[in-house]
$ cat work_15.cif   # mmCIF, C-alpha atoms
data_structure
loop_
_atom_site.label_atom_id
_atom_site.label_comp_id
_atom_site.auth_asym_id
_atom_site.auth_seq_id
_atom_site.Cartn_x
_atom_site.Cartn_y
_atom_site.Cartn_z
CA MET A 55 79.35 99.93 82.95
CA ASP A 56 82.11 101.80 81.14
CA TRP A 57 85.13 100.26 82.88
CA ASN A 58 87.62 102.28 80.82
CA ALA A 59 86.10 105.55 82.05
CA ARG A 60 85.94 104.37 85.69
CA ILE A 61 89.52 103.09 85.74
CA LEU A 62 90.86 106.15 83.92
CA GLU A 63 89.01 108.46 86.29
CA GLN A 64 91.22 107.18 89.12
CA PHE A 65 94.12 109.00 87.49
CA THR A 66 92.58 111.65 85.22
CA TRP A 67 90.53 113.29 87.95
CA HIS A 68 93.65 113.73 90.08
CA TRP A 69 95.73 114.86 87.07
CA GLN A 70 93.23 117.42 85.81
CA GLN A 71 91.87 118.73 89.11
CA GLN A 72 94.90 118.66 91.37
CA ALA A 73 98.27 117.59 90.03
CA ARG A 74 98.55 119.39 86.70
CA PRO A 75 97.27 122.75 88.01
CA ARG A 76 99.85 122.52 90.84
CA LEU A 77 102.62 122.30 88.23
CA ASP A 78 101.74 125.65 86.64
CA GLY A 79 104.40 128.27 87.26
CA LEU A 80 107.19 125.77 87.95
CA THR A 81 110.53 127.55 87.46
CA ASP A 82 113.86 126.10 86.43
CA GLU A 83 115.37 127.03 89.80
CA GLU A 84 112.60 125.22 91.65
CA TYR A 85 112.70 122.24 89.25
CA LEU A 86 116.40 121.67 90.01
CA TRP A 87 116.35 122.73 93.69
CA GLU A 88 118.07 120.26 95.99
CA PRO A 89 116.06 120.27 99.23
CA ALA A 90 118.66 118.28 101.20
CA PRO A 91 122.40 117.64 100.98
CA ASN A 92 123.34 115.00 98.40
CA SER A 93 119.90 115.02 96.80
CA TRP A 94 119.40 112.94 93.70
CA SER A 95 118.58 114.94 90.58
CA ILE A 96 119.14 114.98 86.87
CA ARG A 97 122.61 115.98 85.75
CA PRO A 98 124.32 116.57 82.40
CA GLY A 99 125.19 112.84 82.34
CA GLY A 100 121.70 111.57 83.19
CA ILE A 101 119.74 110.78 86.33
CA ASP A 102 121.23 109.98 89.74
CA TRP A 103 120.58 106.44 90.96
CA ALA A 104 122.27 103.46 92.54
CA TYR A 105 121.48 99.78 92.89
CA PRO A 106 121.01 98.75 95.52
CA GLU A 107 119.52 102.00 96.68
CA PRO A 108 121.37 103.52 99.66
CA GLN A 109 119.68 103.43 103.03
CA PRO A 110 118.25 105.84 103.77
CA ALA A 111 117.44 106.69 100.17
CA PRO A 112 118.49 110.21 99.12
CA VAL A 113 115.89 112.94 98.88
CA THR A 114 115.04 113.50 95.22
CA THR A 115 114.45 116.77 93.39
CA ILE A 116 111.41 117.70 91.36
CA ALA A 117 113.55 117.11 88.27
CA TRP A 118 114.39 113.57 89.43
CA ARG A 119 110.72 112.82 90.07
CA PHE A 120 109.82 114.13 86.62
CA GLY A 121 112.51 111.87 85.15
CA HIS A 122 111.02 108.89 86.94
CA LEU A 123 107.51 109.72 85.70
CA LEU A 124 108.71 110.37 82.14
CA VAL A 125 110.75 107.18 81.84
CA GLY A 126 109.86 104.52 84.41
CA VAL A 127 106.23 105.22 85.15
CA PHE A 128 104.70 106.36 81.85
CA GLY A 129 107.34 106.31 79.10
CA ALA A 130 108.36 102.66 79.30
CA ARG A 131 104.72 101.57 79.58
CA VAL A 132 103.58 103.70 76.64
CA ALA A 133 106.46 102.19 74.65
CA SER A 134 105.84 98.57 75.57
CA HIS A 135 102.02 98.55 75.58
CA PHE A 136 100.81 101.37 73.32
CA GLY A 137 103.41 101.67 70.54
CA GLY A 138 105.27 104.72 71.84
CA PRO A 139 108.98 105.36 71.33
CA PRO A 140 111.34 103.21 73.40
CA VAL A 141 112.77 104.83 76.53
CA ASP A 142 115.14 103.71 79.25
CA TYR A 143 116.86 105.38 82.20
CA GLN A 144 120.36 105.10 80.74
CA SER A 145 119.82 106.70 77.32
CA TYR A 146 116.93 109.10 77.93
CA ASP A 147 117.68 112.77 77.22
CA TYR A 148 116.34 114.23 80.48
CA PRO A 149 114.76 117.69 80.36
CA THR A 150 116.90 120.34 82.02
CA THR A 151 114.21 123.01 82.13
CA ALA A 152 110.83 123.09 83.79
CA THR A 153 109.13 124.13 80.55
CA ASP A 154 110.56 121.17 78.65
CA ALA A 155 109.74 118.77 81.50
CA LEU A 156 106.12 119.95 81.68
CA ALA A 157 105.66 119.66 77.91
CA ARG A 158 107.09 116.14 77.91
CA LEU A 159 104.96 115.11 80.89
CA ASP A 160 101.82 116.47 79.23
CA GLU A 161 102.69 114.49 76.09
CA VAL A 162 103.42 111.16 77.76
CA VAL A 163 100.38 111.44 80.04
CA GLY A 164 98.26 112.12 76.95
CA SER A 165 99.72 109.03 75.25
CA TRP A 166 99.07 106.92 78.34
CA VAL A 167 95.46 108.10 78.69
CA ASP A 168 94.84 107.56 74.98
CA GLY A 169 96.21 104.03 75.17
CA VAL A 170 94.18 103.12 78.24
CA GLN A 171 91.00 104.59 76.70
CA HIS A 172 91.28 102.17 73.80
CA LEU A 173 91.63 98.98 75.82
CA ASP A 174 88.80 96.52 75.33
CA GLU A 175 87.58 93.77 77.64
CA GLN A 176 90.05 91.25 76.24
CA ALA A 177 92.96 93.69 76.57
CA TRP A 178 92.12 94.39 80.22
CA ALA A 179 92.41 90.67 80.99
CA ARG A 180 95.45 89.90 78.80
CA PRO A 181 98.78 89.27 80.61
CA VAL A 182 101.11 92.27 80.33
CA GLY A 183 103.99 90.15 79.07
CA GLU A 184 107.74 90.12 79.50
CA ALA A 185 108.08 93.93 79.37
CA GLU A 186 106.87 93.85 83.00
CA GLY A 187 109.46 91.32 84.19
CA PRO A 188 108.32 89.24 87.16
CA TRP A 189 104.76 90.57 86.75
CA ALA A 190 104.47 89.29 83.15
CA ALA A 191 101.48 87.07 83.96
CA GLU A 192 99.48 89.87 85.59
CA PRO A 193 96.53 91.26 83.65
CA MET A 194 96.67 94.72 82.09
CA VAL A 195 94.12 96.04 84.58
CA THR A 196 96.59 95.35 87.41
CA LEU A 197 99.32 97.30 85.61
CA VAL A 198 97.05 100.26 84.82
CA LEU A 199 95.88 100.55 88.43
CA HIS A 200 99.49 100.30 89.63
CA ILE A 201 100.68 103.02 87.22
CA HIS A 202 97.87 105.29 88.38
CA ARG A 203 98.84 104.80 92.03
CA GLU A 204 102.52 105.42 91.22
CA ALA A 205 101.74 108.60 89.28
CA ILE A 206 99.46 109.99 92.00
CA HIS A 207 102.11 109.17 94.61
CA HIS A 208 104.96 110.93 92.76
CA LEU A 209 102.83 113.90 91.74
CA ALA A 210 101.87 114.38 95.40
CA GLU A 211 105.57 114.33 96.31
CA ILE A 212 106.20 117.04 93.71
CA ALA A 213 103.38 119.11 95.23
CA LEU A 214 105.00 118.77 98.67
CA LEU A 215 108.39 119.84 97.29
CA ARG A 216 106.70 122.88 95.73
CA ASP A 217 105.26 123.74 99.16
CA LEU A 218 108.69 123.37 100.79
CA TRP A 219 110.22 125.53 98.03
CA ALA A 220 107.61 128.24 98.60
CA HIS A 221 108.34 128.30 102.37
CA ARG A 222 112.11 127.80 102.36
CA GLY A 223 114.03 130.17 104.57
CA ARG A 224 110.96 131.48 106.36
#
$ encode --input "work_15.cif" --output "C-alpha cells"
Amino acid sequence: MDWNARILEQFTWHWQQQARPRLDGLTDEEYLWEPAPNSWSIRPGGIDWAYPEPQPAPVTTIAWRFGHLLVGVFGARVASHFGGPPVDYQSYDYPTTATDALARLDEVVGSWVDGVQHLDEQAWARPVGEAEGPWAAEPMVTLVLHIHREAIHHLAEIALLRDLWAHRGR
C-alpha cells in the first residue's frame, strides 16, 4: 500500500476539492472583517494573541486564521521538518491583503505536501524531535495526521466566516 498517498489524501482531497476553491474571490475587506466586537486579527504590529487565552476566547478574523495556518500549522513544521525558512509568531511579516495571504498559503501548503510526499517508512516512524516540544517522542505520522486535522478544522472555520460575511446584514 502507498501510505504516503493515503495519508496525504486526508488533507489534499479536502484542500483541492473543498477548501481552496472556497477561498477564490476572497477580498481584502472580507479578509480583515471583524465579525464580533474585539475580534482578534492581524494588525500593523503583528497578530493578536494572549497567554493565557482569555475565556471565552475572542472570535478571530479570516486574516488571523490565515496567520495561524501560515505560521503555527504549516510554516513552523515546514521549517523544522522539511528545510523551509524559519518562522515564528513574533517576527513573521503577516500578509495584509487577501491576494498575498492566498499566495503564501498556496506556497506553504505546496511545501508541506512536497515534504510529506517524500517521507519513507523510516521517516514516518522517526520521533519528531524537540521542535515539537512535549510531543518530541511522537512519530512523524502522528504529527502529519494532527497537522491535517488542524488545517481542515481552520479551513472549515474560514469557510463559515465567508458564509457569515456573505449573509451579513440580511
$ closest_residue --input "work_15.cif" --among "A:Arg180, A:His202, A:Arg222, A:His68" --to "Ala90 in chain A" --atoms "all atoms listed in the file"
A:Arg222
$ resolve_selection --input "work_15.cif" --expression "the PyMOL selection byres ((chain A and resi 213-220) around 9)" --output "MDAnalysis selection string"
chainID A and resid 73 76:77 80 84:85 87 89 115:116 208:212 221:223
$ residues_around --input "work_15.cif" --residues "Ala152 in chain A" --least-positions-apart "5" --cutoff "9 Å" --atoms "all atoms listed in the file" --output "PyMOL selection string"
chain A and resi 79-86+117+157
$ write_last_selection --input "work_15.cif" --atoms "C-alpha atoms" --output "tab-separated table (two decimals), in the coordinates of the input"
chain	number	residue	atom	x	y	z
A	79	GLY	CA	104.40	128.27	87.26
A	80	LEU	CA	107.19	125.77	87.95
A	81	THR	CA	110.53	127.55	87.46
A	82	ASP	CA	113.86	126.10	86.43
A	83	GLU	CA	115.37	127.03	89.80
A	84	GLU	CA	112.60	125.22	91.65
A	85	TYR	CA	112.70	122.24	89.25
A	86	LEU	CA	116.40	121.67	90.01
A	117	ALA	CA	113.55	117.11	88.27
A	157	ALA	CA	105.66	119.66	77.91
$ closest_residue --input "work_15.cif" --among "A:Pro149, A:Thr114, A:Leu199, A:Pro75" --to "Pro91 in chain A" --atoms "only C-alpha atoms"
A:Thr114
$ atom_distance --input "work_15.cif" --atom1 "CA of Leu159 in chain A" --atom2 "CA of Pro139 in chain A"
14.2 Å
$ atom_distance --input "work_15.cif" --atom1 "CA of Pro112 in chain A" --atom2 "CA of Gln72 in chain A"
26.2 Å
$ atom_distance --input "work_15.cif" --atom1 "CA of Ile96 in chain A" --atom2 "CA of Arg203 in chain A"
23.3 Å
$ closest_residue --input "work_15.cif" --among "A:Leu124, A:Ala111, A:Ile206, A:Ala190" --to "Val163 in chain A" --atoms "all atoms listed in the file"
A:Leu124
$ closest_residue --input "work_15.cif" --among "A:Val127, A:Ala205, A:Val132, A:Met194" --to "Trp69 in chain A" --atoms "only C-alpha atoms"
A:Ala205
$ closest_residue --input "work_15.cif" --among "A:Trp118, A:Ser95, A:Ile201, A:Leu173" --to "Ala59 in chain A" --atoms "all atoms listed in the file"
A:Leu173
$ resolve_selection --input "work_15.cif" --expression "the PyMOL selection byres ((chain A and resi 162) around 12)" --output "PyMOL selection string"
chain A and resi 120-121+123-133+136-139+141+155-161+163-169+205
$ axis_aligned_box --input "work_15.cif" --around "range 207-212 of chain A" --padding-each-side "8 Å" --output "lines of an AutoDock Vina configuration file"
center_x = 104.0
center_y = 113.1
center_z = 94.0
size_x = 20.3
size_y = 23.9
size_z = 20.6
$ build_atoms --input "work_15.cif" --residues "range 62-89 of chain A" --atoms "N, CA and C atoms" --output "mmCIF file, in the coordinates of the input"
data_model
loop_
_atom_site.group_PDB
_atom_site.id
_atom_site.type_symbol
_atom_site.label_atom_id
_atom_site.label_comp_id
_atom_site.auth_asym_id
_atom_site.auth_seq_id
_atom_site.Cartn_x
_atom_site.Cartn_y
_atom_site.Cartn_z
ATOM 1 N N LEU A 62 90.118 104.946 84.278
ATOM 2 C CA LEU A 62 90.860 106.150 83.920
ATOM 3 C C LEU A 62 90.601 107.292 84.889
ATOM 4 N N GLU A 63 89.367 107.369 85.375
ATOM 5 C CA GLU A 63 89.010 108.460 86.290
ATOM 6 C C GLU A 63 89.888 108.449 87.549
ATOM 7 N N GLN A 64 90.345 107.274 87.953
ATOM 8 C CA GLN A 64 91.220 107.180 89.120
ATOM 9 C C GLN A 64 92.417 108.105 88.961
ATOM 10 N N PHE A 65 92.972 108.137 87.748
ATOM 11 C CA PHE A 65 94.120 109.000 87.490
ATOM 12 C C PHE A 65 93.716 110.359 86.937
ATOM 13 N N THR A 66 92.849 110.390 85.926
ATOM 14 C CA THR A 66 92.580 111.650 85.220
ATOM 15 C C THR A 66 91.947 112.698 86.107
ATOM 16 N N TRP A 67 91.104 112.292 87.049
ATOM 17 C CA TRP A 67 90.530 113.290 87.950
ATOM 18 C C TRP A 67 91.650 113.966 88.732
ATOM 19 N N HIS A 68 92.538 113.183 89.299
ATOM 20 C CA HIS A 68 93.650 113.730 90.080
ATOM 21 C C HIS A 68 94.544 114.599 89.185
ATOM 22 N N TRP A 69 94.861 114.123 87.993
ATOM 23 C CA TRP A 69 95.730 114.860 87.070
ATOM 24 C C TRP A 69 95.124 116.208 86.707
ATOM 25 N N GLN A 70 93.865 116.202 86.303
ATOM 26 C CA GLN A 70 93.230 117.420 85.810
ATOM 27 C C GLN A 70 92.841 118.399 86.917
ATOM 28 N N GLN A 71 92.397 117.864 88.050
ATOM 29 C CA GLN A 71 91.870 118.730 89.110
ATOM 30 C C GLN A 71 92.921 119.165 90.127
ATOM 31 N N GLN A 72 93.938 118.350 90.325
ATOM 32 C CA GLN A 72 94.900 118.660 91.370
ATOM 33 C C GLN A 72 96.336 118.741 90.874
ATOM 34 N N ALA A 73 96.841 117.666 90.332
ATOM 35 C CA ALA A 73 98.270 117.590 90.030
ATOM 36 C C ALA A 73 98.709 118.568 88.951
ATOM 37 N N ARG A 74 98.070 118.537 87.792
ATOM 38 C CA ARG A 74 98.550 119.390 86.700
ATOM 39 C C ARG A 74 98.421 120.873 87.029
ATOM 40 N N PRO A 75 97.312 121.335 87.634
ATOM 41 C CA PRO A 75 97.270 122.750 88.010
ATOM 42 C C PRO A 75 98.366 123.158 88.999
ATOM 43 N N ARG A 76 98.787 122.219 89.868
ATOM 44 C CA ARG A 76 99.850 122.520 90.840
ATOM 45 C C ARG A 76 101.212 122.649 90.179
ATOM 46 N N LEU A 77 101.342 122.195 88.943
ATOM 47 C CA LEU A 77 102.620 122.300 88.230
ATOM 48 C C LEU A 77 102.766 123.620 87.489
ATOM 49 N N ASP A 78 101.674 124.348 87.317
ATOM 50 C CA ASP A 78 101.740 125.650 86.640
ATOM 51 C C ASP A 78 102.686 126.583 87.393
ATOM 52 N N GLY A 79 103.486 127.309 86.661
ATOM 53 C CA GLY A 79 104.400 128.270 87.260
ATOM 54 C C GLY A 79 105.711 127.686 87.759
ATOM 55 N N LEU A 80 105.941 126.410 87.530
ATOM 56 C CA LEU A 80 107.190 125.770 87.950
ATOM 57 C C LEU A 80 108.370 126.448 87.246
ATOM 58 N N THR A 81 109.348 126.886 88.023
ATOM 59 C CA THR A 81 110.530 127.550 87.460
ATOM 60 C C THR A 81 111.689 126.566 87.351
ATOM 61 N N ASP A 82 112.675 126.944 86.558
ATOM 62 C CA ASP A 82 113.860 126.100 86.430
ATOM 63 C C ASP A 82 114.590 125.971 87.768
ATOM 64 N N GLU A 83 114.682 127.064 88.498
ATOM 65 C CA GLU A 83 115.370 127.030 89.800
ATOM 66 C C GLU A 83 114.678 126.061 90.756
ATOM 67 N N GLU A 84 113.374 126.107 90.795
ATOM 68 C CA GLU A 84 112.600 125.220 91.650
ATOM 69 C C GLU A 84 112.699 123.764 91.171
ATOM 70 N N TYR A 85 112.625 123.566 89.869
ATOM 71 C CA TYR A 85 112.700 122.240 89.250
ATOM 72 C C TYR A 85 113.991 121.529 89.645
ATOM 73 N N LEU A 86 115.092 122.261 89.701
ATOM 74 C CA LEU A 86 116.400 121.670 90.010
ATOM 75 C C LEU A 86 116.828 121.835 91.464
ATOM 76 N N TRP A 87 116.015 122.476 92.296
ATOM 77 C CA TRP A 87 116.350 122.730 93.690
ATOM 78 C C TRP A 87 116.596 121.429 94.451
ATOM 79 N N GLU A 88 117.708 121.420 95.177
ATOM 80 C CA GLU A 88 118.070 120.260 95.990
ATOM 81 C C GLU A 88 117.682 120.556 97.442
ATOM 82 N N PRO A 89 116.592 119.947 97.910
ATOM 83 C CA PRO A 89 116.060 120.270 99.230
ATOM 84 C C PRO A 89 116.866 119.736 100.410
#
